[in-house]
$ cat coords-v9.pdb   # PDB, C-alpha atoms
ATOM      1  CA  MET A 765      95.008 104.227 124.337
ATOM      2  CA  HIS A 766      96.463 100.740 123.730
ATOM      3  CA  ARG A 767      99.973 101.993 124.468
ATOM      4  CA  GLU A 768      98.928 103.223 127.917
ATOM      5  CA  ALA A 769      97.102  99.970 128.658
ATOM      6  CA  LEU A 770     100.127  97.924 127.580
ATOM      7  CA  GLU A 771     102.504 100.080 129.613
ATOM      8  CA  LEU A 772     100.333  99.545 132.680
ATOM      9  CA  LEU A 773     100.026  95.809 132.049
ATOM     10  CA  HIS A 774     103.787  95.485 131.527
ATOM     11  CA  HIS A 775     104.397  97.418 134.753
ATOM     12  CA  LEU A 776     102.029  95.087 136.635
ATOM     13  CA  VAL A 777     103.791  92.023 135.194
ATOM     14  CA  GLU A 778     107.174  93.363 136.325
ATOM     15  CA  GLU A 779     105.762  94.237 139.738
ATOM     16  CA  SER A 780     104.325  90.725 140.088
ATOM     17  CA  LYS A 781     107.752  89.273 139.302
ATOM     18  CA  SER A 782     109.408  91.337 142.025
ATOM     19  CA  ASN A 783     106.673  90.450 144.547
ATOM     20  CA  GLU A 784     106.782  86.688 143.923
ATOM     21  CA  SER A 785     108.831  85.995 147.020
ATOM     22  CA  LYS A 786     106.644  88.136 149.286
ATOM     23  CA  ALA A 787     103.825  86.450 151.129
ATOM     24  CA  GLY A 788     100.226  87.503 150.857
ATOM     25  CA  PRO A 789      97.357  87.329 148.426
ATOM     26  CA  THR A 790      98.218  89.402 145.385
ATOM     27  CA  GLN A 791      96.980  89.377 141.812
ATOM     28  CA  LYS A 792      99.498  87.553 139.666
ATOM     29  CA  PHE A 793     100.079  89.275 136.340
ATOM     30  CA  LYS A 794     101.882  87.114 133.807
ATOM     31  CA  PRO A 795     103.715  87.962 130.573
ATOM     32  CA  GLU A 796     101.177  85.812 128.733
ATOM     33  CA  MET A 797      98.594  88.491 129.524
ATOM     34  CA  VAL A 798     100.567  90.956 127.423
ATOM     35  CA  ILE A 799     100.616  88.475 124.543
ATOM     36  CA  GLU A 800      96.858  87.939 124.805
ATOM     37  CA  TYR A 801      96.292  91.694 124.737
ATOM     38  CA  LEU A 802      98.511  92.042 121.662
ATOM     39  CA  LYS A 803      96.812  89.358 119.533
ATOM     40  CA  PRO A 804      93.919  91.497 118.264
ATOM     41  CA  LEU A 805      96.285  94.408 117.580
ATOM     42  CA  CYS A 806      98.360  92.521 114.998
ATOM     43  CA  GLY A 807      96.218  93.734 112.114
ATOM     44  CA  THR A 808      95.882  97.324 113.255
ATOM     45  CA  ASP A 809      99.153  98.252 114.992
ATOM     46  CA  PRO A 810     102.045  95.914 114.131
ATOM     47  CA  VAL A 811     104.687  98.306 115.475
ATOM     48  CA  LEU A 812     103.029  98.346 118.897
ATOM     49  CA  VAL A 813     102.774  94.543 118.811
ATOM     50  CA  LEU A 814     106.485  94.246 118.059
ATOM     51  CA  GLU A 815     107.496  96.844 120.623
ATOM     52  CA  PHE A 816     105.623  95.228 123.492
ATOM     53  CA  GLY A 817     106.250  91.718 122.200
ATOM     54  CA  MET A 818     109.959  92.325 122.642
ATOM     55  CA  LEU A 819     109.363  93.096 126.316
ATOM     56  CA  VAL A 820     108.027  89.573 126.936
ATOM     57  CA  LEU A 821     110.205  87.715 124.431
ATOM     58  CA  GLU A 822     112.674  86.421 127.014
ATOM     59  CA  SER A 823     110.040  85.157 129.433
ATOM     60  CA  CYS A 824     107.717  83.695 126.757
ATOM     61  CA  PRO A 825     109.810  83.072 123.644
ATOM     62  CA  THR A 826     107.605  80.436 122.032
ATOM     63  CA  GLN A 827     104.358  82.340 122.540
ATOM     64  CA  THR A 828     105.911  85.619 121.378
ATOM     65  CA  ILE A 829     107.349  84.150 118.187
ATOM     66  CA  GLU A 830     104.025  82.421 117.516
ATOM     67  CA  LEU A 831     102.274  85.776 117.974
ATOM     68  CA  PHE A 832     104.593  87.365 115.413
ATOM     69  CA  ARG A 833     104.095  84.490 112.959
ATOM     70  CA  SER A 834     100.345  84.092 113.308
ATOM     71  CA  GLY A 835      99.675  87.822 113.394
ATOM     72  CA  ASN A 836     100.719  88.254 109.759
ATOM     73  CA  LEU A 837     103.189  90.946 110.744
ATOM     74  CA  PRO A 838     105.533  92.193 108.013
ATOM     75  CA  LYS A 839     108.435  89.746 107.941
ATOM     76  CA  ASP A 840     111.114  92.404 107.436
ATOM     77  CA  LEU A 841     109.800  94.401 110.403
ATOM     78  CA  VAL A 842     109.787  91.316 112.626
ATOM     79  CA  CYS A 843     113.335  90.402 111.576
ATOM     80  CA  TYR A 844     114.561  93.931 112.253
ATOM     81  CA  HIS A 845     113.066  93.980 115.756
ATOM     82  CA  LEU A 846     114.390  90.516 116.570
ATOM     83  CA  GLU A 847     117.886  91.450 115.405
ATOM     84  CA  GLU A 848     117.805  94.647 117.455
ATOM     85  CA  HIS A 849     116.570  92.828 120.547
ATOM     86  CA  ALA A 850     119.115  90.028 120.172
ATOM     87  CA  SER A 851     121.894  92.555 119.720
ATOM     88  CA  LYS A 852     120.956  94.422 122.918
ATOM     89  CA  THR A 853     120.568  91.204 124.891
ATOM     90  CA  LEU A 854     123.946  89.899 123.727
ATOM     91  CA  LYS A 855     125.647  93.173 124.683
ATOM     92  CA  LYS A 856     124.144  92.980 128.185
ATOM     93  CA  GLU A 857     125.244  89.362 128.576
ATOM     94  CA  LYS A 858     128.770  90.123 127.359
ATOM     95  CA  ALA A 859     129.059  93.021 129.810
ATOM     96  CA  ARG A 860     127.764  90.840 132.636
ATOM     97  CA  CYS A 861     130.239  88.101 131.794
ATOM     98  CA  ARG A 862     133.136  90.538 131.970
ATOM     99  CA  THR A 863     132.441  91.584 135.551
ATOM    100  CA  PRO A 864     134.666  89.899 138.170
ATOM    101  CA  ALA A 865     131.657  88.855 140.278
ATOM    102  CA  SER A 866     130.364  86.618 137.513
ATOM    103  CA  LEU A 867     133.618  84.727 137.035
TER     104      LEU A 867
END
$ encode --input "coords-v9.pdb" --output "structure tokens"
Amino acid sequence: MHREALELLHHLVEESKSNESKAGPTQKFKPEMVIEYLKPLCGTDPVLVLEFGMLVLESCPTQTIELFRSGNLPKDLVCYHLEEHASKTLKKEKARCRTPASL
């Protein structure tokens, strides 16, 4: 149930980002909403917290790291997820830097 709610919320956040430049009254969904949803789940579903926390890490790094620290998540699990996320992000950046358009 929480997974589906988080998937929907994440989708709405991404949709809000892509609609920022369009005019008109729309509900603004922010990455911070994902973090707020995750806070009570730290004690019951740390894997879900880490999985969806990684999705908002780039846009809200301070709040996400604070969530991981204050949520009493297993340190080794947090480190593993951060290393995996950093590795994927670095690979994307390296690939982007190698394209002629970015030079």
$ atom_distance --input "coords-v9.pdb" --atom1 "CA of Phe832 in chain A" --atom2 "CA of Leu814 in chain A"
7.6 Å
$ residues_around --input "coords-v9.pdb" --residues "Ile829 in chain A" --least-positions-apart "6" --cutoff "10 Å" --atoms "only C-alpha atoms" --output "PyMOL selection string"
chain A and resi 817-818+821+835+842+846
$ residues_near_point --input "coords-v9.pdb" --point "(101.6, 98.0, 118.0)" --cutoff "12 Å" --atoms "only C-alpha atoms" --output "ChimeraX atom specification"
/A:765-771,798-799,801-818,832,835,837,841-842
$ write_last_selection --input "coords-v9.pdb" --atoms "C-alpha atoms" --output "PDB file, in the frame of the given file"
ATOM      1  CA  MET A 765      95.008 104.227 124.337  1.00  0.00           C
ATOM      2  CA  HIS A 766      96.463 100.740 123.730  1.00  0.00           C
ATOM      3  CA  ARG A 767      99.973 101.993 124.468  1.00  0.00           C
ATOM      4  CA  GLU A 768      98.928 103.223 127.917  1.00  0.00           C
ATOM      5  CA  ALA A 769      97.102  99.970 128.658  1.00  0.00           C
ATOM      6  CA  LEU A 770     100.127  97.924 127.580  1.00  0.00           C
ATOM      7  CA  GLU A 771     102.504 100.080 129.613  1.00  0.00           C
ATOM      8  CA  VAL A 798     100.567  90.956 127.423  1.00  0.00           C
ATOM      9  CA  ILE A 799     100.616  88.475 124.543  1.00  0.00           C
ATOM     10  CA  TYR A 801      96.292  91.694 124.737  1.00  0.00           C
ATOM     11  CA  LEU A 802      98.511  92.042 121.662  1.00  0.00           C
ATOM     12  CA  LYS A 803      96.812  89.358 119.533  1.00  0.00           C
ATOM     13  CA  PRO A 804      93.919  91.497 118.264  1.00  0.00           C
ATOM     14  CA  LEU A 805      96.285  94.408 117.580  1.00  0.00           C
ATOM     15  CA  CYS A 806      98.360  92.521 114.998  1.00  0.00           C
ATOM     16  CA  GLY A 807      96.218  93.734 112.114  1.00  0.00           C
ATOM     17  CA  THR A 808      95.882  97.324 113.255  1.00  0.00           C
ATOM     18  CA  ASP A 809      99.153  98.252 114.992  1.00  0.00           C
ATOM     19  CA  PRO A 810     102.045  95.914 114.131  1.00  0.00           C
ATOM     20  CA  VAL A 811     104.687  98.306 115.475  1.00  0.00           C
ATOM     21  CA  LEU A 812     103.029  98.346 118.897  1.00  0.00           C
ATOM     22  CA  VAL A 813     102.774  94.543 118.811  1.00  0.00           C
ATOM     23  CA  LEU A 814     106.485  94.246 118.059  1.00  0.00           C
ATOM     24  CA  GLU A 815     107.496  96.844 120.623  1.00  0.00           C
ATOM     25  CA  PHE A 816     105.623  95.228 123.492  1.00  0.00           C
ATOM     26  CA  GLY A 817     106.250  91.718 122.200  1.00  0.00           C
ATOM     27  CA  MET A 818     109.959  92.325 122.642  1.00  0.00           C
ATOM     28  CA  PHE A 832     104.593  87.365 115.413  1.00  0.00           C
ATOM     29  CA  GLY A 835      99.675  87.822 113.394  1.00  0.00           C
ATOM     30  CA  LEU A 837     103.189  90.946 110.744  1.00  0.00           C
ATOM     31  CA  LEU A 841     109.800  94.401 110.403  1.00  0.00           C
ATOM     32  CA  VAL A 842     109.787  91.316 112.626  1.00  0.00           C
TER      33      VAL A 842
END
$ atom_distance --input "coords-v9.pdb" --atom1 "CA of Lys792 in chain A" --atom2 "CA of Glu830 in chain A"
23.2 Å
$ atom_distance --input "coords-v9.pdb" --atom1 "CA of Lys794 in chain A" --atom2 "CA of Val777 in chain A"
5.4 Å
$ decode --input "coords-v9.pdb" --residues "range 791-829 of chain A" --atoms "N, CA and C atoms" --output "PDB file, in the first residue's frame"
ATOM      1  N   GLN A 791      -1.609  22.051  -9.020  1.00  0.00           N
ATOM      2  CA  GLN A 791      -1.089  21.662  -7.705  1.00  0.00           C
ATOM      3  C   GLN A 791       0.402  21.414  -7.840  1.00  0.00           C
ATOM      4  N   LYS A 792       1.178  22.008  -7.003  1.00  0.00           N
ATOM      5  CA  LYS A 792       2.624  21.838  -7.028  1.00  0.00           C
ATOM      6  C   LYS A 792       3.020  20.755  -6.035  1.00  0.00           C
ATOM      7  N   PHE A 793       3.520  19.645  -6.559  1.00  0.00           N
ATOM      8  CA  PHE A 793       4.010  18.563  -5.716  1.00  0.00           C
ATOM      9  C   PHE A 793       5.521  18.686  -5.634  1.00  0.00           C
ATOM     10  N   LYS A 794       6.042  18.662  -4.428  1.00  0.00           N
ATOM     11  CA  LYS A 794       7.469  18.876  -4.209  1.00  0.00           C
ATOM     12  C   LYS A 794       8.120  17.617  -3.654  1.00  0.00           C
ATOM     13  N   PRO A 795       9.421  17.441  -3.921  1.00  0.00           N
ATOM     14  CA  PRO A 795      10.138  16.280  -3.383  1.00  0.00           C
ATOM     15  C   PRO A 795      10.057  16.177  -1.863  1.00  0.00           C
ATOM     16  N   GLU A 796       9.928  17.314  -1.198  1.00  0.00           N
ATOM     17  CA  GLU A 796       9.823  17.318   0.260  1.00  0.00           C
ATOM     18  C   GLU A 796       8.595  16.547   0.740  1.00  0.00           C
ATOM     19  N   MET A 797       7.576  16.464  -0.112  1.00  0.00           N
ATOM     20  CA  MET A 797       6.378  15.705   0.242  1.00  0.00           C
ATOM     21  C   MET A 797       6.684  14.210   0.347  1.00  0.00           C
ATOM     22  N   VAL A 798       7.578  13.747  -0.495  1.00  0.00           N
ATOM     23  CA  VAL A 798       8.000  12.344  -0.428  1.00  0.00           C
ATOM     24  C   VAL A 798       8.719  12.103   0.894  1.00  0.00           C
ATOM     25  N   ILE A 799       9.606  13.022   1.257  1.00  0.00           N
ATOM     26  CA  ILE A 799      10.358  12.887   2.505  1.00  0.00           C
ATOM     27  C   ILE A 799       9.405  12.872   3.702  1.00  0.00           C
ATOM     28  N   GLU A 800       8.429  13.753   3.703  1.00  0.00           N
ATOM     29  CA  GLU A 800       7.460  13.794   4.798  1.00  0.00           C
ATOM     30  C   GLU A 800       6.676  12.484   4.893  1.00  0.00           C
ATOM     31  N   TYR A 801       6.335  11.918   3.755  1.00  0.00           N
ATOM     32  CA  TYR A 801       5.611  10.648   3.749  1.00  0.00           C
ATOM     33  C   TYR A 801       6.492   9.525   4.311  1.00  0.00           C
ATOM     34  N   LEU A 802       7.783   9.590   4.012  1.00  0.00           N
ATOM     35  CA  LEU A 802       8.700   8.525   4.423  1.00  0.00           C
ATOM     36  C   LEU A 802       9.021   8.535   5.916  1.00  0.00           C
ATOM     37  N   LYS A 803       8.970   9.683   6.558  1.00  0.00           N
ATOM     38  CA  LYS A 803       9.392   9.787   7.964  1.00  0.00           C
ATOM     39  C   LYS A 803       8.770   8.738   8.879  1.00  0.00           C
ATOM     40  N   PRO A 804       7.453   8.555   8.869  1.00  0.00           N
ATOM     41  CA  PRO A 804       6.888   7.553   9.779  1.00  0.00           C
ATOM     42  C   PRO A 804       7.190   6.112   9.381  1.00  0.00           C
ATOM     43  N   LEU A 805       7.694   5.908   8.178  1.00  0.00           N
ATOM     44  CA  LEU A 805       7.977   4.541   7.712  1.00  0.00           C
ATOM     45  C   LEU A 805       9.370   4.059   8.100  1.00  0.00           C
ATOM     46  N   CYS A 806      10.187   4.946   8.643  1.00  0.00           N
ATOM     47  CA  CYS A 806      11.570   4.574   8.984  1.00  0.00           C
ATOM     48  C   CYS A 806      11.631   3.361   9.911  1.00  0.00           C
ATOM     49  N   GLY A 807      10.760   3.290  10.869  1.00  0.00           N
ATOM     50  CA  GLY A 807      10.783   2.193  11.828  1.00  0.00           C
ATOM     51  C   GLY A 807      10.170   0.907  11.323  1.00  0.00           C
ATOM     52  N   THR A 808       9.312   1.002  10.316  1.00  0.00           N
ATOM     53  CA  THR A 808       8.604  -0.189   9.858  1.00  0.00           C
ATOM     54  C   THR A 808       9.088  -0.734   8.519  1.00  0.00           C
ATOM     55  N   ASP A 809       9.600   0.141   7.643  1.00  0.00           N
ATOM     56  CA  ASP A 809      10.014  -0.316   6.312  1.00  0.00           C
ATOM     57  C   ASP A 809      11.242   0.453   5.823  1.00  0.00           C
ATOM     58  N   PRO A 810      12.409   0.187   6.424  1.00  0.00           N
ATOM     59  CA  PRO A 810      13.608   0.946   6.062  1.00  0.00           C
ATOM     60  C   PRO A 810      14.020   0.788   4.598  1.00  0.00           C
ATOM     61  N   VAL A 811      13.770  -0.362   4.013  1.00  0.00           N
ATOM     62  CA  VAL A 811      14.148  -0.569   2.610  1.00  0.00           C
ATOM     63  C   VAL A 811      13.325   0.344   1.704  1.00  0.00           C
ATOM     64  N   LEU A 812      12.047   0.469   1.977  1.00  0.00           N
ATOM     65  CA  LEU A 812      11.190   1.365   1.206  1.00  0.00           C
ATOM     66  C   LEU A 812      11.624   2.817   1.382  1.00  0.00           C
ATOM     67  N   VAL A 813      11.997   3.179   2.596  1.00  0.00           N
ATOM     68  CA  VAL A 813      12.480   4.539   2.878  1.00  0.00           C
ATOM     69  C   VAL A 813      13.740   4.819   2.057  1.00  0.00           C
ATOM     70  N   LEU A 814      14.655   3.878   2.038  1.00  0.00           N
ATOM     71  CA  LEU A 814      15.891   4.075   1.274  1.00  0.00           C
ATOM     72  C   LEU A 814      15.620   4.107  -0.224  1.00  0.00           C
ATOM     73  N   GLU A 815      14.790   3.224  -0.690  1.00  0.00           N
ATOM     74  CA  GLU A 815      14.481   3.175  -2.123  1.00  0.00           C
ATOM     75  C   GLU A 815      13.890   4.493  -2.615  1.00  0.00           C
ATOM     76  N   PHE A 816      12.890   4.990  -1.931  1.00  0.00           N
ATOM     77  CA  PHE A 816      12.248   6.225  -2.375  1.00  0.00           C
ATOM     78  C   PHE A 816      13.029   7.460  -1.936  1.00  0.00           C
ATOM     79  N   GLY A 817      13.822   7.338  -0.899  1.00  0.00           N
ATOM     80  CA  GLY A 817      14.698   8.434  -0.507  1.00  0.00           C
ATOM     81  C   GLY A 817      15.736   8.727  -1.580  1.00  0.00           C
ATOM     82  N   MET A 818      16.211   7.671  -2.228  1.00  0.00           N
ATOM     83  CA  MET A 818      17.196   7.848  -3.290  1.00  0.00           C
ATOM     84  C   MET A 818      16.616   8.624  -4.468  1.00  0.00           C
ATOM     85  N   LEU A 819      15.310   8.514  -4.676  1.00  0.00           N
ATOM     86  CA  LEU A 819      14.680   9.213  -5.792  1.00  0.00           C
ATOM     87  C   LEU A 819      14.639  10.724  -5.589  1.00  0.00           C
ATOM     88  N   VAL A 820      14.709  11.178  -4.344  1.00  0.00           N
ATOM     89  CA  VAL A 820      14.671  12.620  -4.067  1.00  0.00           C
ATOM     90  C   VAL A 820      16.009  13.147  -3.531  1.00  0.00           C
ATOM     91  N   LEU A 821      17.002  12.280  -3.485  1.00  0.00           N
ATOM     92  CA  LEU A 821      18.298  12.660  -2.921  1.00  0.00           C
ATOM     93  C   LEU A 821      18.926  13.839  -3.651  1.00  0.00           C
ATOM     94  N   GLU A 822      18.883  13.839  -4.965  1.00  0.00           N
ATOM     95  CA  GLU A 822      19.518  14.921  -5.721  1.00  0.00           C
ATOM     96  C   GLU A 822      18.808  16.259  -5.522  1.00  0.00           C
ATOM     97  N   SER A 823      17.488  16.236  -5.454  1.00  0.00           N
ATOM     98  CA  SER A 823      16.762  17.498  -5.334  1.00  0.00           C
ATOM     99  C   SER A 823      16.698  18.007  -3.890  1.00  0.00           C
ATOM    100  N   CYS A 824      16.809  17.112  -2.924  1.00  0.00           N
ATOM    101  CA  CYS A 824      16.754  17.493  -1.501  1.00  0.00           C
ATOM    102  C   CYS A 824      17.824  16.741  -0.717  1.00  0.00           C
ATOM    103  N   PRO A 825      19.089  16.982  -1.000  1.00  0.00           N
ATOM    104  CA  PRO A 825      20.132  16.178  -0.353  1.00  0.00           C
ATOM    105  C   PRO A 825      20.173  16.318   1.167  1.00  0.00           C
ATOM    106  N   THR A 826      20.069  17.512   1.669  1.00  0.00           N
ATOM    107  CA  THR A 826      20.158  17.719   3.116  1.00  0.00           C
ATOM    108  C   THR A 826      19.003  17.040   3.849  1.00  0.00           C
ATOM    109  N   GLN A 827      17.783  17.252   3.352  1.00  0.00           N
ATOM    110  CA  GLN A 827      16.618  16.662   3.994  1.00  0.00           C
ATOM    111  C   GLN A 827      16.637  15.135   3.907  1.00  0.00           C
ATOM    112  N   THR A 828      17.113  14.606   2.782  1.00  0.00           N
ATOM    113  CA  THR A 828      17.149  13.153   2.610  1.00  0.00           C
ATOM    114  C   THR A 828      18.163  12.514   3.548  1.00  0.00           C
ATOM    115  N   ILE A 829      19.344  13.097   3.631  1.00  0.00           N
ATOM    116  CA  ILE A 829      20.368  12.562   4.533  1.00  0.00           C
ATOM    117  C   ILE A 829      19.892  12.673   5.981  1.00  0.00           C
TER     118      ILE A 829
END
